[in-house]
Every structure is written in C-alpha cells, then in structure tokens.
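Participant: Input model19.cif, format and content: mmCIF, C-alpha atoms and all ligand atoms.
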```cif
data_upload
#
loop_
_atom_site.group_PDB
_atom_site.id
_atom_site.type_symbol
_atom_site.label_atom_id
_atom_site.label_comp_id
_atom_site.auth_asym_id
_atom_site.auth_seq_id
_atom_site.Cartn_x
_atom_site.Cartn_y
_atom_site.Cartn_z
ATOM 1 C CA MET H 1 61.070 137.000 172.397
ATOM 2 C CA ARG H 2 57.902 134.888 172.553
ATOM 3 C CA CYS H 3 56.050 135.244 175.833
ATOM 4 C CA PRO H 4 56.002 131.911 177.732
ATOM 5 C CA PHE H 5 52.579 132.741 179.151
ATOM 6 C CA CYS H 6 50.531 133.873 176.163
ATOM 7 C CA ALA H 7 52.949 133.347 173.238
ATOM 8 C CA ALA H 8 52.676 136.955 172.118
ATOM 9 C CA ASP H 9 55.785 138.184 170.352
ATOM 10 C CA ASP H 10 55.948 141.653 171.839
ATOM 11 C CA ASP H 11 57.879 142.485 174.969
ATOM 12 C CA ARG H 12 59.966 145.159 176.571
ATOM 13 C CA VAL H 13 63.095 144.728 178.624
ATOM 14 C CA VAL H 14 62.640 146.060 182.138
ATOM 15 C CA ASP H 15 66.056 145.144 183.503
ATOM 16 C CA SER H 16 69.406 143.878 182.152
ATOM 17 C CA ARG H 17 72.360 142.738 184.143
ATOM 18 C CA LEU H 18 75.476 140.667 183.718
ATOM 19 C CA ALA H 19 75.333 137.129 185.058
ATOM 20 C CA ASP H 20 77.732 134.223 185.297
ATOM 21 C CA ASP H 21 80.789 136.430 185.841
ATOM 22 C CA GLY H 22 79.962 138.511 182.834
ATOM 23 C CA ASP H 23 79.603 135.579 180.442
ATOM 24 C CA ALA H 24 75.872 136.005 180.142
ATOM 25 C CA ILE H 25 73.290 138.765 180.197
ATOM 26 C CA ARG H 26 70.181 138.264 182.269
ATOM 27 C CA ARG H 27 67.187 140.230 181.047
ATOM 28 C CA ARG H 28 63.918 140.741 182.814
ATOM 29 C CA ARG H 29 61.183 141.144 180.217
ATOM 30 C CA GLU H 30 57.566 142.159 180.366
ATOM 31 C CA CYS H 31 55.035 140.932 177.838
ATOM 32 C CA ALA H 32 53.188 143.802 176.168
ATOM 33 C CA ALA H 33 50.075 141.669 175.733
ATOM 34 C CA CYS H 34 49.554 139.951 179.118
ATOM 35 C CA HIS H 35 52.034 141.958 181.234
ATOM 36 C CA GLN H 36 53.564 138.840 182.768
ATOM 37 C CA ARG H 37 57.261 139.119 183.505
ATOM 38 C CA TYR H 38 59.871 136.504 182.654
ATOM 39 C CA THR H 39 63.652 136.197 182.540
ATOM 40 C CA THR H 40 65.952 135.349 179.658
ATOM 41 C CA PHE H 41 69.654 134.601 179.614
ATOM 42 C CA GLU H 42 71.765 135.459 176.610
ATOM 43 C CA ARG H 43 75.150 133.996 176.069
ATOM 44 C CA VAL H 44 77.826 135.054 173.638
ATOM 45 C CA GLU H 45 78.615 132.223 171.283
ATOM 46 C CA GLU H 46 82.289 131.279 171.080
ATOM 47 C CA VAL H 47 83.082 132.702 167.686
ATOM 48 C CA GLY H 48 85.311 130.741 165.392
ATOM 49 C CA LEU H 49 88.380 132.504 164.079
ATOM 50 C CA ILE H 50 88.476 132.296 160.285
ATOM 51 C CA VAL H 51 91.681 132.409 158.261
ATOM 52 C CA ILE H 52 91.516 133.465 154.625
ATOM 53 C CA LYS H 53 94.216 131.692 152.664
ATOM 54 C CA ARG H 54 96.102 133.099 149.700
ATOM 55 C CA SER H 55 93.905 130.991 147.430
ATOM 56 C CA GLY H 56 90.867 132.747 148.898
ATOM 57 C CA ASP H 57 89.743 129.600 150.702
ATOM 58 C CA ARG H 58 88.563 130.085 154.258
ATOM 59 C CA GLU H 59 89.394 127.731 157.080
ATOM 60 C CA ALA H 60 89.086 127.660 160.841
ATOM 61 C CA PHE H 61 92.153 128.914 162.698
ATOM 62 C CA ASP H 62 94.149 125.880 163.823
ATOM 63 C CA ARG H 63 96.514 126.578 166.690
ATOM 64 C CA ASP H 64 98.074 123.101 166.354
ATOM 65 C CA LYS H 65 99.067 123.933 162.817
ATOM 66 C CA ILE H 66 100.817 127.102 164.022
ATOM 67 C CA PHE H 67 102.461 125.093 166.786
ATOM 68 C CA ARG H 68 103.796 122.556 164.281
ATOM 69 C CA GLY H 69 105.212 125.340 162.133
ATOM 70 C CA ILE H 70 106.940 126.822 165.178
ATOM 71 C CA GLN H 71 108.205 123.369 166.151
ATOM 72 C CA ALA H 72 109.721 122.871 162.718
ATOM 73 C CA ALA H 73 111.438 126.255 162.894
ATOM 74 C CA CYS H 74 112.759 125.516 166.396
ATOM 75 C CA LYS H 75 114.088 122.048 165.530
ATOM 76 C CA ASN H 76 117.345 121.386 167.452
ATOM 77 C CA ARG H 77 117.124 124.820 169.047
ATOM 78 C CA PRO H 78 117.013 125.265 172.827
ATOM 79 C CA VAL H 79 113.314 126.148 172.894
ATOM 80 C CA ASP H 80 110.918 124.279 175.183
ATOM 81 C CA ASP H 81 107.609 122.914 173.923
ATOM 82 C CA GLU H 82 105.965 125.086 176.543
ATOM 83 C CA VAL H 83 107.507 128.220 175.066
ATOM 84 C CA MET H 84 106.462 127.153 171.563
ATOM 85 C CA ALA H 85 102.909 126.529 172.784
ATOM 86 C CA GLY H 86 103.005 129.984 174.355
ATOM 87 C CA VAL H 87 104.005 131.529 171.040
ATOM 88 C CA ALA H 88 101.152 129.735 169.266
ATOM 89 C CA LEU H 89 98.699 130.942 171.898
ATOM 90 C CA ALA H 90 99.991 134.513 171.693
ATOM 91 C CA VAL H 91 99.509 134.423 167.919
ATOM 92 C CA GLU H 92 95.945 133.169 168.323
ATOM 93 C CA GLU H 93 95.151 135.824 170.915
ATOM 94 C CA SER H 94 96.556 138.644 168.809
ATOM 95 C CA MET H 95 94.466 137.429 165.856
ATOM 96 C CA ARG H 96 91.297 137.170 167.956
ATOM 97 C CA LEU H 97 91.829 140.699 169.207
ATOM 98 C CA LEU H 98 91.415 141.949 165.643
ATOM 99 C CA ASN H 99 87.804 140.836 165.894
ATOM 100 C CA ARG H 100 87.466 139.898 162.235
ATOM 101 C CA ASP H 101 88.537 137.276 159.734
ATOM 102 C CA VAL H 102 92.303 137.288 159.293
ATOM 103 C CA THR H 103 94.534 136.406 156.357
ATOM 104 C CA SER H 104 97.104 133.627 156.429
ATOM 105 C CA GLU H 105 99.639 136.380 155.800
ATOM 106 C CA GLU H 106 98.672 138.148 159.028
ATOM 107 C CA VAL H 107 98.961 134.873 160.926
ATOM 108 C CA GLY H 108 102.385 134.272 159.386
ATOM 109 C CA MET H 109 103.592 137.772 160.228
ATOM 110 C CA ALA H 110 102.341 137.509 163.802
ATOM 111 C CA THR H 111 104.114 134.160 164.193
ATOM 112 C CA LEU H 112 107.287 135.606 162.752
ATOM 113 C CA GLU H 113 107.181 138.588 165.108
ATOM 114 C CA ALA H 114 106.607 136.351 168.113
ATOM 115 C CA LEU H 115 109.411 133.982 167.097
ATOM 116 C CA ARG H 116 111.890 136.817 166.825
ATOM 117 C CA GLU H 117 111.579 137.308 170.580
ATOM 118 C CA VAL H 118 112.182 133.615 171.210
ATOM 119 C CA ASP H 119 115.021 132.434 169.002
ATOM 120 C CA GLU H 120 116.780 134.201 166.143
ATOM 121 C CA VAL H 121 117.682 131.026 164.260
ATOM 122 C CA ALA H 122 114.094 129.821 164.464
ATOM 123 C CA TYR H 123 113.000 133.247 163.288
ATOM 124 C CA VAL H 124 115.199 133.136 160.190
ATOM 125 C CA ARG H 125 114.138 129.556 159.442
ATOM 126 C CA PHE H 126 110.476 130.458 159.725
ATOM 127 C CA ALA H 127 111.040 133.550 157.599
ATOM 128 C CA SER H 128 112.747 131.440 154.930
ATOM 129 C CA VAL H 129 109.719 129.191 154.618
ATOM 130 C CA TYR H 130 107.152 131.899 155.092
ATOM 131 C CA LYS H 131 108.704 134.479 152.819
ATOM 132 C CA GLY H 132 109.804 131.873 150.270
ATOM 133 C CA PHE H 133 113.514 132.605 150.296
ATOM 134 C CA GLU H 134 115.148 131.589 147.050
ATOM 135 C CA GLY H 135 118.805 132.171 147.623
ATOM 136 C CA THR H 136 121.511 133.101 150.070
ATOM 137 C CA GLU H 137 120.949 136.810 149.412
ATOM 138 C CA ASP H 138 117.483 136.475 150.893
ATOM 139 C CA PHE H 139 118.950 134.993 154.060
ATOM 140 C CA ALA H 140 121.642 137.650 154.180
ATOM 141 C CA ARG H 141 119.055 140.396 153.825
ATOM 142 C CA GLU H 142 116.867 138.962 156.561
ATOM 143 C CA ILE H 143 119.786 138.445 158.926
ATOM 144 C CA GLY H 144 120.937 141.978 158.167
ATOM 145 C CA MET H 145 117.492 143.253 159.143
ATOM 146 C CA LEU H 146 117.587 141.121 162.254
ATOM 147 C CA VAL H 147 120.922 142.560 163.331
ATOM 148 C CA LYS H 148 119.659 146.082 162.680
ATOM 149 C CA THR H 149 116.422 145.641 164.591
ATOM 150 C CA THR H 150 117.919 143.849 167.584
ATOM 151 C CA ALA H 151 121.111 145.846 167.997
ATOM 152 C CA PRO H 152 121.043 147.972 171.125
ATOM 153 C CA LYS H 153 120.388 151.598 170.368
ATOM 154 C CA LEU H 154 123.322 153.856 171.048
ATOM 155 C CA ARG H 155 122.608 157.105 172.777
ATOM 156 C CA GLY H 156 124.190 160.430 172.038
HETATM 157 ZN ZN ZN H 201 52.265 137.371 177.407
#
```
Once more with this new file: its structure as structure tokens, please.
Facilitator:
Amino acid sequence: MRCPFCAADDDRVVDSRLADDGDAIRRRRECAACHQRYTTFERVEEVGLIVIKRSGDREAFDRDKIFRGIQAACKNRPVDDEVMAGVALAVEESMRLLNRDVTSEEVGMATLEALREVDEVAYVRFASVYKGFEGTEDFAREIGMLVKTTAPKLRG
C-alpha cells in the first residue's frame, strides 16, 4: 500500500477489523518510512460463477437460463413461478458454495435433484432432456429409480 503522506511503499498493519456488517475489512496501517498512520478499506469483489460446458467453453452462470429450463420441465404442471425461481436460486447457491468453477453437468445434476423435490413429472421431463433419453426404456428406468428412491422405507 502506497503511503498517502510520503508515497513510500512500505507499511505495516497495526489494526484490522470488520466493517460494514462484515462486508469490508478496515485496516489501520503505519508507514515504515514516515510513521504516519492511515486507514484502508478492503472489499471482497462479487465473484462471478463460471460454468464449464461440455465443449470446454466457459460462460458466466445464468440463473435465468436455469429458470427457463425448469419452466419448460414444469409446463402444465401445478408449480408456481415462485417455486421455480426458488429452485433456480437454490441451484445457484449450491454451486456458489462449491467455491470453484463448476461444470454444466454439476449444474444439471443439482437442478435435477432440486426438481425431484418439487414435481416428479417435471423431474422426469428434465431428466429426459438432460440425460438425453433415447427410448421408452430410458423413461422406464428413470421412473423405476424415482419410485425406489421416493418410496417410504419400511421398518422391521
Ligand atoms: Zn509515509
């Protein structure tokens, strides 16, 4: 950090604390050359979430795109726009929590998982597009898995 008094580029931090409800760090610095003290604020930059596509291309995560995919899967199903927006947001949040670039496959899987909780028909539709179903056996297999995973567990 360049000293605002003498322009020397040598300082030490004498105090650091969170500011702005934790969104910034306030540092008290002392210039090693002239010993004047000054304050800096550091802010975390909103980091863009990058999606790596199958082709290897990278693009910014687009929540609207996820929302449109969910909307298509939920067509004519009793699912509110608000719920669909919630699914898209949950997908984005789960991807951001990974704290790294994500693959389009991970985004697709997360969307699929979230949809399963919302509407089973929408889930199978999304799976058919996402997993590239080619025939009725693919649907049958997926629905079979769905029945297995959602059936109540019997005790004893
Ligand atoms: Zn100085």
Participant: Residues up to 7 Å from ligand ZN 201 (chain H), counting only C-alpha atoms and all ligand atoms: could you list those as a ChimeraX atom specification?
Facilitator: /H:3-8,31-36
Participant: Written as number ranges by chain, which residues does the PyMOL selection byres (((chain H and resi 53-69) around 9) and not hetatm) give for the file shown?
Facilitator: H: 48-52, 70-74, 84-85, 87-89, 91-92, 102-105, 107-108, 111, 126
Participant: Can you measure CA of Ser16 in chain H to CA of Arg29 in chain H for me? One decimal in Å is fine.
Facilitator: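 Result for CA of Ser16 in chain H versus CA of Arg29 in chain H: 8.9 Å, one decimal.
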Participant: Pick the closest to Glu142 in chain H from H:Leu112, H:Val118, H:Ala24, H:Leu97: which is it, counting all atoms listed in the file?
Facilitator: H:Leu112
Participant: For Ser128 in chain H, which of H:Arg26, H:Arg141, H:Arg2, H:Arg12 is the closest residue, counting all atoms listed in the file?
Facilitator: H:Arg141
Participant: One number please: CA of Ala90 in chain H to CA of Glu106 in chain H, in Å, one decimal.
Facilitator: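 CA of Glu106 in chain H lies at a distance of 13.2 Å from CA of Ala90 in chain H.
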Participant: Between H:Arg125, H:Arg96, H:Lys131, H:Arg37, which one has atoms that come closest to Arg77 in chain H, using only C-alpha atoms?
Facilitator: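 Once distances to Arg77 in chain H are computed over only C-alpha atoms, the minimum belongs to H:Arg125.
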Participant: Which is closest to Ala122 in chain H among H:Val14, H:Val79, H:Ala19, H:Met95, if we use all atoms listed in the file?
Facilitator: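 Residue with the minimum atom-to-atom distance to Ala122 in chain H: H:Val79.
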Participant: Just how far from CA of Arg27 in chain H is CA of Glu42 in chain H, in Å to one decimal?
Facilitator: 8.0 Å
